[in-house]
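Peer 1: Below is the file start.cif, with mmCIF, C-alpha atoms and all ligand atoms.
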```cif
data_run
#
loop_
_atom_site.label_atom_id
_atom_site.label_comp_id
_atom_site.auth_asym_id
_atom_site.auth_seq_id
_atom_site.Cartn_x
_atom_site.Cartn_y
_atom_site.Cartn_z
CA MET Z 1 97.41 10.73 -41.80
CA SER Z 2 99.72 10.66 -38.82
CA LEU Z 3 98.61 9.98 -35.29
CA PRO Z 4 98.15 12.87 -32.89
CA ALA Z 5 101.18 13.22 -30.61
CA HIS Z 6 98.91 12.96 -27.61
CA GLY Z 7 95.70 10.97 -27.45
CA LEU Z 8 92.50 12.90 -27.98
CA GLY Z 9 89.51 12.93 -25.70
CA ARG Z 10 86.67 10.46 -26.27
CA ASP Z 11 84.17 13.14 -27.29
CA ASP Z 12 86.63 14.69 -29.71
CA VAL Z 13 87.37 11.34 -31.35
CA LEU Z 14 83.71 10.46 -31.75
CA ALA Z 15 82.82 13.95 -33.01
CA GLN Z 16 85.47 13.64 -35.70
CA LEU Z 17 84.11 10.28 -36.80
CA ASP Z 18 80.60 11.71 -36.93
CA ALA Z 19 81.90 14.58 -39.03
CA PHE Z 20 83.45 12.11 -41.50
CA LYS Z 21 79.92 10.92 -42.28
CA THR Z 22 78.71 14.33 -43.48
CA ASN Z 23 78.60 13.41 -47.16
CA ASP Z 24 77.51 9.80 -46.71
CA VAL Z 25 74.21 8.63 -48.14
CA ARG Z 26 71.42 9.13 -45.57
CA TRP Z 27 70.36 5.47 -45.39
CA ARG Z 28 68.40 5.87 -42.15
CA GLU Z 29 66.04 8.14 -44.11
CA GLY Z 30 65.63 5.60 -46.90
CA ARG Z 31 67.91 7.46 -49.33
CA ALA Z 32 70.02 4.37 -50.17
CA PHE Z 33 68.58 1.80 -52.56
CA THR Z 34 71.69 -0.33 -52.06
CA LEU Z 35 74.40 -1.08 -49.48
CA ALA Z 36 72.44 -0.29 -46.30
CA TYR Z 37 69.16 -1.56 -44.91
CA SER Z 38 66.93 -0.45 -42.07
CA ALA Z 39 63.79 -1.77 -40.46
CA GLY Z 40 63.63 1.31 -38.22
CA ASP Z 41 65.81 3.19 -35.78
CA ASP Z 42 64.81 0.88 -32.91
CA VAL Z 43 66.08 -2.15 -34.83
CA VAL Z 44 69.33 -0.38 -35.73
CA ALA Z 45 69.76 0.60 -32.08
CA ILE Z 46 69.41 -2.92 -30.71
CA ALA Z 47 71.82 -4.24 -33.32
CA GLU Z 48 74.36 -1.60 -32.37
CA ALA Z 49 73.95 -2.24 -28.63
CA ALA Z 50 74.42 -5.99 -29.09
CA TYR Z 51 77.38 -5.40 -31.41
CA ALA Z 52 79.10 -3.22 -28.81
CA ARG Z 53 78.69 -5.93 -26.15
CA PHE Z 54 80.53 -8.52 -28.27
CA ALA Z 55 82.85 -6.35 -30.38
CA THR Z 56 86.00 -7.74 -28.71
CA GLU Z 57 84.86 -11.35 -28.20
CA ASN Z 58 86.36 -13.81 -30.67
CA ALA Z 59 84.55 -16.74 -32.26
CA LEU Z 60 87.80 -18.26 -33.55
CA ASN Z 61 87.72 -20.42 -30.45
CA THR Z 62 84.31 -20.94 -28.93
CA ASP Z 63 85.77 -23.04 -26.09
CA ALA Z 64 86.80 -19.69 -24.64
CA PHE Z 65 83.56 -18.01 -25.69
CA PRO Z 66 80.71 -20.50 -25.29
CA SER Z 67 78.40 -17.50 -25.60
CA LEU Z 68 79.35 -17.21 -29.26
CA ARG Z 69 78.98 -20.96 -29.83
CA ARG Z 70 75.45 -20.67 -28.53
CA ILE Z 71 74.72 -17.52 -30.54
CA GLN Z 72 75.96 -19.14 -33.75
CA ALA Z 73 74.02 -22.35 -33.11
CA GLU Z 74 70.77 -20.48 -32.44
CA VAL Z 75 71.13 -18.16 -35.43
CA VAL Z 76 71.96 -21.06 -37.74
CA ALA Z 77 69.01 -23.08 -36.40
CA ALA Z 78 66.60 -20.23 -37.12
CA VAL Z 79 67.96 -19.82 -40.62
CA ALA Z 80 67.68 -23.60 -41.17
CA GLU Z 81 63.96 -23.29 -40.47
CA TRP Z 82 63.61 -20.45 -42.98
CA LEU Z 83 65.38 -22.59 -45.56
CA GLN Z 84 63.50 -25.79 -44.71
CA ALA Z 85 66.81 -27.52 -44.11
CA GLY Z 86 65.17 -30.12 -41.85
CA ASP Z 87 66.97 -31.93 -39.04
CA THR Z 88 70.15 -32.53 -41.00
CA GLY Z 89 70.88 -28.93 -42.05
CA ALA Z 90 74.33 -27.77 -40.89
CA GLY Z 91 75.76 -24.30 -41.25
CA PHE Z 92 78.06 -21.58 -39.99
CA MET Z 93 77.82 -17.87 -39.60
CA THR Z 94 80.16 -15.97 -41.91
CA SER Z 95 81.14 -12.36 -42.42
CA GLY Z 96 78.86 -11.83 -45.42
CA GLY Z 97 77.49 -13.11 -48.68
CA THR Z 98 80.87 -13.14 -50.33
CA GLU Z 99 82.43 -15.31 -47.63
CA SER Z 100 79.45 -17.69 -47.72
CA ILE Z 101 79.80 -18.03 -51.49
CA LEU Z 102 83.58 -18.43 -51.34
CA LEU Z 103 83.06 -21.29 -48.90
CA ALA Z 104 80.45 -22.96 -51.09
CA VAL Z 105 82.92 -22.85 -53.99
CA LYS Z 106 85.77 -24.13 -51.82
CA GLY Z 107 83.58 -26.90 -50.38
CA ALA Z 108 82.52 -28.03 -53.85
CA ARG Z 109 86.12 -28.08 -55.06
CA GLU Z 110 87.17 -30.11 -52.05
CA ARG Z 111 84.35 -32.60 -52.47
CA GLY Z 112 85.15 -33.03 -56.17
CA ARG Z 113 88.79 -33.61 -55.36
CA LYS Z 114 88.21 -36.07 -52.52
CA GLU Z 115 85.29 -38.05 -53.93
CA ARG Z 116 86.00 -37.92 -57.66
CA GLY Z 117 89.69 -37.04 -57.93
CA ILE Z 118 88.95 -33.87 -59.92
CA THR Z 119 92.05 -31.70 -60.37
CA ALA Z 120 90.74 -29.16 -62.92
CA PRO Z 121 87.31 -28.32 -61.47
CA ASN Z 122 84.74 -26.02 -63.04
CA VAL Z 123 81.58 -24.24 -61.90
CA VAL Z 124 78.56 -23.90 -64.18
CA LEU Z 125 76.57 -20.76 -63.47
CA PRO Z 126 74.34 -18.22 -65.20
CA THR Z 127 75.76 -14.81 -66.19
CA SER Z 128 73.45 -13.34 -63.52
CA ALA Z 129 75.06 -15.14 -60.56
CA HIS Z 130 76.87 -12.80 -58.20
CA ALA Z 131 80.46 -11.63 -58.79
CA ALA Z 132 81.45 -13.40 -55.56
CA PHE Z 133 81.35 -16.74 -57.45
CA GLU Z 134 83.89 -15.29 -59.90
CA LYS Z 135 86.03 -14.26 -56.97
CA GLY Z 136 85.72 -17.75 -55.47
CA CYS Z 137 86.77 -19.40 -58.73
CA TYR Z 138 89.71 -17.03 -58.95
CA TYR Z 139 90.81 -17.52 -55.34
CA PHE Z 140 90.45 -21.29 -55.31
CA GLY Z 141 91.53 -22.12 -58.86
CA LEU Z 142 88.29 -23.25 -60.50
CA GLU Z 143 87.11 -22.47 -64.01
CA SER Z 144 84.01 -20.26 -64.11
CA ARG Z 145 81.68 -21.39 -66.91
CA ARG Z 146 79.21 -18.56 -67.35
CA VAL Z 147 76.08 -19.45 -69.31
CA PRO Z 148 73.95 -16.65 -70.86
CA VAL Z 149 70.54 -16.14 -69.24
CA ARG Z 150 67.21 -16.40 -71.09
CA ALA Z 151 65.33 -13.36 -72.41
CA ASP Z 152 63.47 -13.20 -69.07
CA TRP Z 153 66.87 -13.00 -67.27
CA ARG Z 154 66.39 -16.40 -65.63
CA ALA Z 155 68.97 -19.17 -65.91
CA ASP Z 156 68.87 -21.17 -69.14
CA VAL Z 157 68.92 -24.66 -67.65
CA ALA Z 158 69.27 -26.54 -70.94
CA ALA Z 159 72.33 -24.45 -71.81
CA MET Z 160 73.71 -24.97 -68.30
CA GLU Z 161 73.24 -28.70 -68.66
CA ALA Z 162 75.18 -28.62 -71.92
CA ALA Z 163 78.04 -26.80 -70.16
CA ILE Z 164 78.43 -29.47 -67.47
CA ASP Z 165 81.18 -32.04 -67.94
CA GLU Z 166 83.01 -34.61 -65.84
CA ASN Z 167 85.02 -31.85 -64.13
CA THR Z 168 82.00 -29.86 -62.97
CA VAL Z 169 81.87 -29.68 -59.18
CA LEU Z 170 79.23 -26.98 -58.67
CA VAL Z 171 76.07 -25.74 -60.36
CA VAL Z 172 74.56 -22.43 -59.23
CA GLY Z 173 71.15 -20.77 -59.13
CA SER Z 174 69.99 -17.63 -57.34
CA ALA Z 175 66.82 -16.81 -55.45
CA PRO Z 176 66.73 -14.10 -56.59
CA GLN Z 177 69.67 -13.09 -58.72
CA TYR Z 178 70.89 -9.58 -58.02
CA PRO Z 179 70.94 -7.84 -61.43
CA GLN Z 180 67.26 -8.08 -62.41
CA GLY Z 181 65.76 -9.49 -59.21
CA VAL Z 182 64.25 -12.66 -60.68
CA ILE Z 183 64.34 -16.18 -59.24
CA ASP Z 184 66.13 -18.83 -61.29
CA PRO Z 185 64.34 -22.15 -62.02
CA ILE Z 186 65.81 -23.79 -58.92
CA GLU Z 187 64.05 -27.15 -59.29
CA ALA Z 188 65.41 -27.67 -62.79
CA ILE Z 189 68.92 -26.48 -61.85
CA ALA Z 190 69.03 -28.77 -58.83
CA ALA Z 191 67.81 -31.67 -60.95
CA ILE Z 192 70.66 -31.40 -63.47
CA ALA Z 193 73.14 -31.23 -60.58
CA ALA Z 194 71.56 -34.15 -58.70
CA ALA Z 195 71.55 -36.32 -61.83
CA ARG Z 196 75.36 -36.09 -61.75
CA ASP Z 197 75.73 -36.03 -57.95
CA VAL Z 198 77.30 -32.57 -58.23
CA ASN Z 199 76.91 -29.79 -55.62
CA CYS Z 200 74.12 -27.28 -56.24
CA HIS Z 201 74.31 -23.94 -54.47
CA VAL Z 202 71.31 -21.63 -54.29
CA ASP Z 203 72.35 -18.07 -53.61
CA GLY Z 204 69.72 -16.74 -51.23
CA CYS Z 205 71.91 -13.86 -50.00
CA MET Z 206 69.19 -11.40 -51.02
CA GLY Z 207 66.15 -13.64 -50.89
CA GLY Z 208 66.70 -16.10 -48.07
CA VAL Z 209 64.83 -14.14 -45.44
CA VAL Z 210 62.38 -12.39 -47.75
CA LEU Z 211 61.20 -15.55 -49.52
CA ALA Z 212 60.65 -17.35 -46.22
CA TYR Z 213 58.07 -14.70 -45.38
CA LEU Z 214 56.65 -13.74 -48.79
CA GLY Z 215 55.17 -17.21 -49.14
CA ARG Z 216 53.42 -16.84 -45.81
CA LEU Z 217 52.18 -13.41 -46.87
CA GLY Z 218 50.28 -15.08 -49.69
CA HIS Z 219 52.67 -14.52 -52.59
CA LYS Z 220 53.14 -17.32 -55.05
CA ILE Z 221 56.77 -18.38 -54.70
CA PRO Z 222 58.44 -20.98 -56.91
CA PRO Z 223 60.39 -23.69 -55.02
CA TRP Z 224 63.65 -22.12 -53.92
CA ASN Z 225 65.19 -23.81 -50.88
CA PHE Z 226 66.18 -27.18 -49.38
CA ALA Z 227 62.68 -28.49 -50.00
CA VAL Z 228 63.98 -28.89 -53.56
CA PRO Z 229 65.82 -32.23 -53.92
CA GLY Z 230 69.40 -31.77 -55.07
CA VAL Z 231 70.08 -28.39 -53.43
CA THR Z 232 73.24 -29.00 -51.40
CA SER Z 233 74.04 -25.53 -50.01
CA MET Z 234 72.56 -22.06 -49.63
CA SER Z 235 73.78 -18.61 -48.60
CA VAL Z 236 71.57 -16.16 -46.70
CA ASP Z 237 72.70 -12.70 -45.66
CA LEU Z 238 71.41 -11.47 -42.33
CA HIS Z 239 73.03 -8.09 -42.88
CA LYS Z 240 70.67 -7.51 -45.80
CA PHE Z 241 67.01 -8.45 -45.30
CA GLY Z 242 67.68 -9.80 -41.81
CA TYR Z 243 68.20 -6.11 -40.92
CA THR Z 244 71.23 -6.65 -38.71
CA SER Z 245 74.68 -5.03 -38.60
CA LYS Z 246 77.19 -5.61 -41.36
CA GLY Z 247 79.23 -8.79 -41.13
CA ALA Z 248 76.54 -11.46 -40.80
CA SER Z 249 75.58 -14.19 -43.24
CA VAL Z 250 74.92 -17.93 -42.99
CA ILE Z 251 76.25 -20.70 -45.23
CA MET Z 252 73.99 -23.71 -44.87
CA TYR Z 253 74.48 -27.28 -46.14
CA ARG Z 254 72.00 -30.05 -46.47
CA ASP Z 255 74.07 -32.13 -44.04
CA LYS Z 256 77.25 -32.21 -41.99
CA LYS Z 257 79.15 -34.30 -44.50
CA LEU Z 258 78.72 -31.62 -47.18
CA ARG Z 259 79.69 -28.97 -44.63
CA SER Z 260 82.85 -30.84 -43.69
CA TYR Z 261 84.45 -29.91 -47.03
CA GLN Z 262 84.45 -26.22 -46.21
CA THR Z 263 86.32 -26.28 -42.90
CA TYR Z 264 90.08 -26.07 -42.63
CA ALA Z 265 92.52 -27.60 -40.16
CA THR Z 266 96.31 -27.84 -39.97
CA ASP Z 267 99.10 -28.50 -37.52
CA ASN Z 268 101.86 -27.75 -40.04
CA TRP Z 269 103.44 -24.89 -38.14
CA LEU Z 270 104.88 -24.29 -34.69
CA GLY Z 271 101.63 -23.12 -33.12
CA GLY Z 272 99.83 -26.44 -32.69
CA ALA Z 273 96.45 -27.56 -33.98
CA TYR Z 274 94.64 -24.79 -35.84
CA GLY Z 275 91.18 -25.00 -37.33
CA SER Z 276 88.67 -22.52 -38.67
CA SER Z 277 85.17 -22.87 -40.03
CA GLY Z 278 85.49 -20.19 -42.69
CA VAL Z 279 87.82 -17.76 -44.41
CA LEU Z 280 88.53 -15.71 -41.31
CA GLY Z 281 90.77 -16.59 -38.41
CA THR Z 282 89.80 -14.19 -35.67
CA LYS Z 283 86.07 -13.72 -36.01
CA GLY Z 284 84.53 -10.78 -34.19
CA GLY Z 285 81.54 -11.54 -32.01
CA GLY Z 286 79.84 -8.19 -32.66
CA ALA Z 287 78.06 -9.04 -35.90
CA MET Z 288 77.07 -12.46 -34.56
CA ALA Z 289 75.53 -11.01 -31.42
CA ALA Z 290 73.81 -8.25 -33.40
CA ALA Z 291 72.22 -10.86 -35.66
CA TRP Z 292 70.96 -12.88 -32.70
CA ALA Z 293 69.63 -9.72 -31.08
CA VAL Z 294 67.77 -8.43 -34.13
CA MET Z 295 66.31 -11.86 -34.89
CA HIS Z 296 64.95 -12.11 -31.36
CA TYR Z 297 63.86 -8.47 -31.23
CA LEU Z 298 61.90 -8.71 -34.49
CA GLY Z 299 60.72 -12.29 -34.00
CA ASP Z 300 58.63 -14.16 -36.52
CA ASP Z 301 55.83 -11.57 -36.57
CA GLY Z 302 58.35 -8.76 -36.92
CA TYR Z 303 59.87 -10.36 -40.01
CA LEU Z 304 56.41 -10.82 -41.48
CA ARG Z 305 55.77 -7.10 -40.91
CA VAL Z 306 59.06 -5.78 -42.30
CA THR Z 307 58.97 -8.15 -45.28
CA ALA Z 308 55.44 -6.95 -46.09
CA ALA Z 309 56.68 -3.34 -45.86
CA ALA Z 310 59.62 -3.98 -48.18
CA ARG Z 311 57.46 -5.80 -50.72
CA ARG Z 312 54.81 -3.06 -50.62
CA ALA Z 313 57.44 -0.41 -51.35
CA CYS Z 314 58.96 -2.54 -54.11
CA GLU Z 315 55.59 -3.05 -55.82
CA GLU Z 316 54.91 0.68 -55.55
CA LEU Z 317 58.26 1.52 -57.12
CA ALA Z 318 57.77 -1.06 -59.89
CA ALA Z 319 54.41 0.55 -60.71
CA VAL Z 320 56.07 3.99 -60.83
CA ILE Z 321 58.73 2.75 -63.27
CA ASP Z 322 56.05 1.06 -65.40
CA ALA Z 323 54.12 4.34 -65.53
CA THR Z 324 57.17 6.41 -66.54
CA PRO Z 325 57.39 6.42 -70.35
CA GLU Z 326 61.13 7.21 -70.38
CA LEU Z 327 61.92 4.08 -68.33
CA THR Z 328 61.53 0.38 -68.77
CA LEU Z 329 61.50 -2.19 -66.00
CA ARG Z 330 63.88 -5.06 -66.75
CA ALA Z 331 61.54 -7.58 -65.05
CA GLN Z 332 58.65 -7.58 -62.63
CA PRO Z 333 60.35 -8.06 -59.27
CA ASP Z 334 60.03 -11.57 -57.80
CA THR Z 335 61.06 -10.32 -54.36
CA THR Z 336 62.29 -6.85 -53.37
CA LEU Z 337 64.88 -6.02 -56.03
CA LEU Z 338 64.28 -4.32 -59.33
CA ALA Z 339 66.24 -2.86 -62.22
CA PHE Z 340 65.25 -0.45 -64.96
CA GLY Z 341 66.77 1.12 -68.02
CA ALA Z 342 65.92 3.86 -70.51
CA SER Z 343 63.09 3.11 -72.95
CA ASP Z 344 65.25 4.85 -75.54
CA PRO Z 345 68.93 4.69 -74.53
CA GLU Z 346 69.73 7.10 -77.41
CA THR Z 347 67.85 9.93 -75.74
CA LEU Z 348 68.29 9.18 -72.04
CA ASP Z 349 71.45 8.13 -70.22
CA VAL Z 350 70.35 6.33 -67.06
CA TYR Z 351 73.75 6.78 -65.44
CA ALA Z 352 73.26 10.53 -65.80
CA VAL Z 353 69.88 10.03 -64.10
CA ALA Z 354 71.74 8.31 -61.25
CA ASP Z 355 74.07 11.32 -61.03
CA ALA Z 356 71.09 13.68 -60.88
CA LEU Z 357 69.44 11.53 -58.21
CA TRP Z 358 72.62 11.54 -56.13
CA ARG Z 359 72.71 15.35 -56.31
CA ARG Z 360 69.22 15.13 -54.79
CA GLY Z 361 70.47 12.79 -52.05
CA TRP Z 362 69.35 9.39 -53.44
CA TYR Z 363 71.82 6.58 -54.08
CA VAL Z 364 70.96 3.82 -56.57
CA ASP Z 365 73.21 1.14 -58.06
CA ARG Z 366 74.40 1.40 -61.65
CA GLN Z 367 74.89 -1.81 -63.58
CA GLY Z 368 75.15 -3.36 -66.97
CA PRO Z 369 75.01 -4.72 -69.51
CA PRO Z 370 72.50 -3.44 -70.45
CA PRO Z 371 72.88 0.03 -68.84
CA SER Z 372 70.48 -0.08 -65.92
CA LEU Z 373 69.79 1.32 -62.48
CA HIS Z 374 69.12 -1.07 -59.65
CA CYS Z 375 67.11 -0.65 -56.47
CA THR Z 376 67.28 -2.90 -53.44
CA VAL Z 377 64.01 -1.98 -51.79
CA ASN Z 378 63.74 -2.66 -48.07
CA ALA Z 379 61.47 -1.83 -45.16
CA VAL Z 380 62.91 1.66 -44.77
CA HIS Z 381 61.48 2.61 -48.17
CA ASP Z 382 57.88 1.97 -47.17
CA GLY Z 383 56.29 5.43 -47.35
CA LYS Z 384 59.31 6.95 -49.15
CA ILE Z 385 58.51 6.00 -52.74
CA ALA Z 386 56.41 9.10 -53.45
CA ALA Z 387 59.31 11.41 -52.52
CA PHE Z 388 61.71 9.30 -54.60
CA THR Z 389 59.30 9.41 -57.54
CA ASP Z 390 59.21 13.23 -57.50
CA ASP Z 391 63.00 13.38 -57.60
CA LEU Z 392 63.24 10.62 -60.20
CA ARG Z 393 60.93 12.58 -62.51
CA ALA Z 394 62.89 15.78 -61.86
CA ALA Z 395 66.16 13.94 -62.54
CA ILE Z 396 64.83 12.58 -65.86
CA ALA Z 397 63.61 16.04 -66.90
CA GLU Z 398 67.00 17.52 -66.03
CA VAL Z 399 68.94 14.92 -68.03
CA LYS Z 400 66.62 15.32 -71.02
CA THR Z 401 67.25 19.08 -70.96
CA THR Z 402 71.00 18.95 -70.45
CA ASN Z 403 71.61 15.78 -72.49
CA ALA Z 404 74.09 14.79 -69.79
CA ALA Z 405 76.05 11.56 -69.92
CA GLY Z 406 76.96 9.62 -66.80
CA ALA Z 407 79.43 6.88 -66.01
CA LEU Z 408 78.81 3.26 -65.08
CA GLY Z 409 80.69 3.61 -61.80
CA ALA Z 410 81.20 0.49 -59.77
CA TYR Z 411 79.17 -1.74 -57.51
CA GLY Z 412 82.20 -2.11 -55.26
CA THR Z 413 85.45 -0.17 -55.11
CA VAL Z 414 89.06 -1.24 -54.69
CA GLU Z 415 90.39 1.79 -52.82
C1 LIG Z 501 72.56 -12.29 -54.77
C2 LIG Z 501 73.78 -11.82 -54.01
N1 LIG Z 501 74.71 -12.73 -53.64
C3 LIG Z 501 75.80 -12.37 -52.95
C4 LIG Z 501 76.03 -11.07 -52.59
C5 LIG Z 501 77.30 -10.69 -51.88
O1 LIG Z 501 77.06 -10.29 -50.57
P1 LIG Z 501 78.07 -9.41 -49.71
O2 LIG Z 501 78.14 -8.07 -50.38
O3 LIG Z 501 77.45 -9.41 -48.36
O4 LIG Z 501 79.40 -10.07 -49.70
C6 LIG Z 501 75.08 -10.10 -52.95
C7 LIG Z 501 75.28 -8.70 -52.58
O5 LIG Z 501 74.52 -7.83 -52.93
C8 LIG Z 501 73.94 -10.49 -53.68
O6 LIG Z 501 73.02 -9.60 -54.08
#
```
Take the structure in the file and give it back as structure tokens.
Peer 2:
Amino acid sequence: MSLPAHGLGRDDVLAQLDAFKTNDVRWREGRAFTLAYSAGDDVVAIAEAAYARFATENALNTDAFPSLRRIQAEVVAAVAEWLQAGDTGAGFMTSGGTESILLAVKGARERGRKERGITAPNVVLPTSAHAAFEKGCYYFGLESRRVPVRADWRADVAAMEAAIDENTVLVVGSAPQYPQGVIDPIEAIAAIAAARDVNCHVDGCMGGVVLAYLGRLGHKIPPWNFAVPGVTSMSVDLHKFGYTSKGASVIMYRDKKLRSYQTYATDNWLGGAYGSSGVLGTKGGGAMAAAWAVMHYLGDDGYLRVTAAARRACEELAAVIDATPELTLRAQPDTTLLAFGASDPETLDVYAVADALWRRGWYVDRQGPPPSLHCTVNAVHDGKIAAFTDDLRAAIAEVKTTNAAGALGAYGTVE
């Protein structure tokens, strides 16, 4: 693309951008079971309005923008309450789950190096832990020691314990893990880490907000947060079940000392003292302000309501999958994520089912092994499951007739 020789009018520019979206998944209508979340058009609107107000402000230096220092402090304080981080909890806002996880990995490496002189660090984590940990190990030069999960998809703590050695700097559990939506045995994972005084990160990117409210809605929730001794850090994505604009997550530590290992400072250049809390330098204020706005707009009762809606829709969908003979649920959902495969993979290709669903306007994630489809069910899906069910059944019937094969595709792309 080359630039127009003369600048276009505002309306023309915006109309072109709107036109680009023509073939995008219609997430506002609940057609996306991944990637985008909505607790209603009013919530999206307030997030967008707040984002626009702070899109140019820069949290790299909050001396110049005390507004953003305040916004970050208030958002982090609210998340600390959700996570039961107590008075000592210390965190930062980041650009997303991946950045939060990268920082947890970097912080653990740094602590291992400074406190124990570890030069060849490793991370012990279940095969279900998010790909961002792999990325963190790759970026920061740690060995990733993946440990197979149990038959119920939860972390095998005994096997994890056996994988720990004197160079282990981080042990990981998820609440819940993404692929099958189940919560790892966090108490047991934290205990094996604490016994060796090693960092323990609980990935609550998907569950951090949901679990804080599911318990209060009367669901039985296993221990999952800082109330568990030995948990040293957690990640919680506000741009997922916090229902705010993209670019907002929180990395939380049990205390400031643990947090200190993630920050970076240098004066080894001609530009003077430079410090940053996370991976980014310039840090846009838009996503931070949107998070603050949505959290205050929804409030505690709003989060109870939208979490109940998401859970209701998830339970409804799980029941539909259970009642569909061609499909098998990988696990009963612990929160609001579920995955399912074909009861007989020889006769039904679930990736072809995903293709047929997409032709009908529904977008689901494809994953494996084993070949599965994955749904991140959020508040927007409440009341939409019946329509999805009709198209799911039609998609299965179509694939059975045509014997179509589909492709795994990718959870994220590199283009
Ligand atoms: C459990 C879990 N952790 C981390 C992430 C990464 O988050 P992000 O895509 O915001 O970087 C995800 C994303 O789906 C996730 O499900």
Peer 1: Box for ligand LIG 501 (chain Z) - axis-aligned, 6 Å on each of the six sides, all listed atoms - centre and size in Å to one decimal, as lines of an AutoDock Vina configuration file.
Peer 2:
```
center_x = 76.0
center_y = -10.3
center_z = -51.6
size_x = 18.8
size_y = 16.9
size_z = 18.4
```
Peer 1: Counting all atoms listed in the file, what is within 9 Å of range 333-340 of chain Z, bar same-chain residues fewer than 5 positions away, as an MDAnalysis selection string?
Peer 2: chainID Z and resid 175:183 206:207 210:211 214 221 307 310:315 317:318 321 327:328 350 367 371:378
Peer 1: At a cut-off of 8 Å and counting only C-alpha atoms and all ligand atoms, what residues surround ligand LIG 501 (chain Z)? Please answer as an MDAnalysis selection string.
Peer 2: chainID Z and resid 35 95:101 129:132 174:179 203:207 235 237 239:240 246:249
Peer 1: Mind pulling up the distance from CA of Gly406 in chain Z to CA of Gly341 in chain Z?
Peer 2: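 Atom-to-atom, CA of Gly341 in chain Z and CA of Gly406 in chain Z are spaced 13.3 Å apart.
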Peer 1: Please, what distance in Å, to one decimal, runs between CA of Gly7 in chain Z and CA of Ala52 in chain Z?
Peer 2: 21.9 Å
Peer 1: Please list, as a list in words, the residues that have an atom at most 7 Å away from (65.3, 3.4, -42.8) in the coordinates of this file, counting all atoms listed in the file.
Peer 2: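 Within the cut-off we find Trp27, Arg28, Glu29, Gly30, Tyr37, Ser38, Ala39, Gly40, Ala379, Val380 and His381 of chain Z.
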Peer 1: List the neighbours of Ala287 in chain Z out to 12 Å using all atoms listed in the file; skip same-chain residues closer than 4 positions along the sequence, and give me the result as a PyMOL selection string.
Peer 2: chain Z and resi 46-59+68+71-72+75+93-96+237-239+242-250+283+291-294
Peer 1: Nearest to Val124 in chain Z among Z:Ala73, Z:Ala78, Z:Ala273, Z:Val198, with distances taken over all atoms listed in the file: which residue is it?
Peer 2: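 Answer, going by the shortest atom-to-atom distance: Z:Val198.
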Peer 1: Quote the spacing between CA of Leu170 in chain Z and CA of Glu187 in chain Z in Å to one decimal place.
Peer 2: 15.2 Å
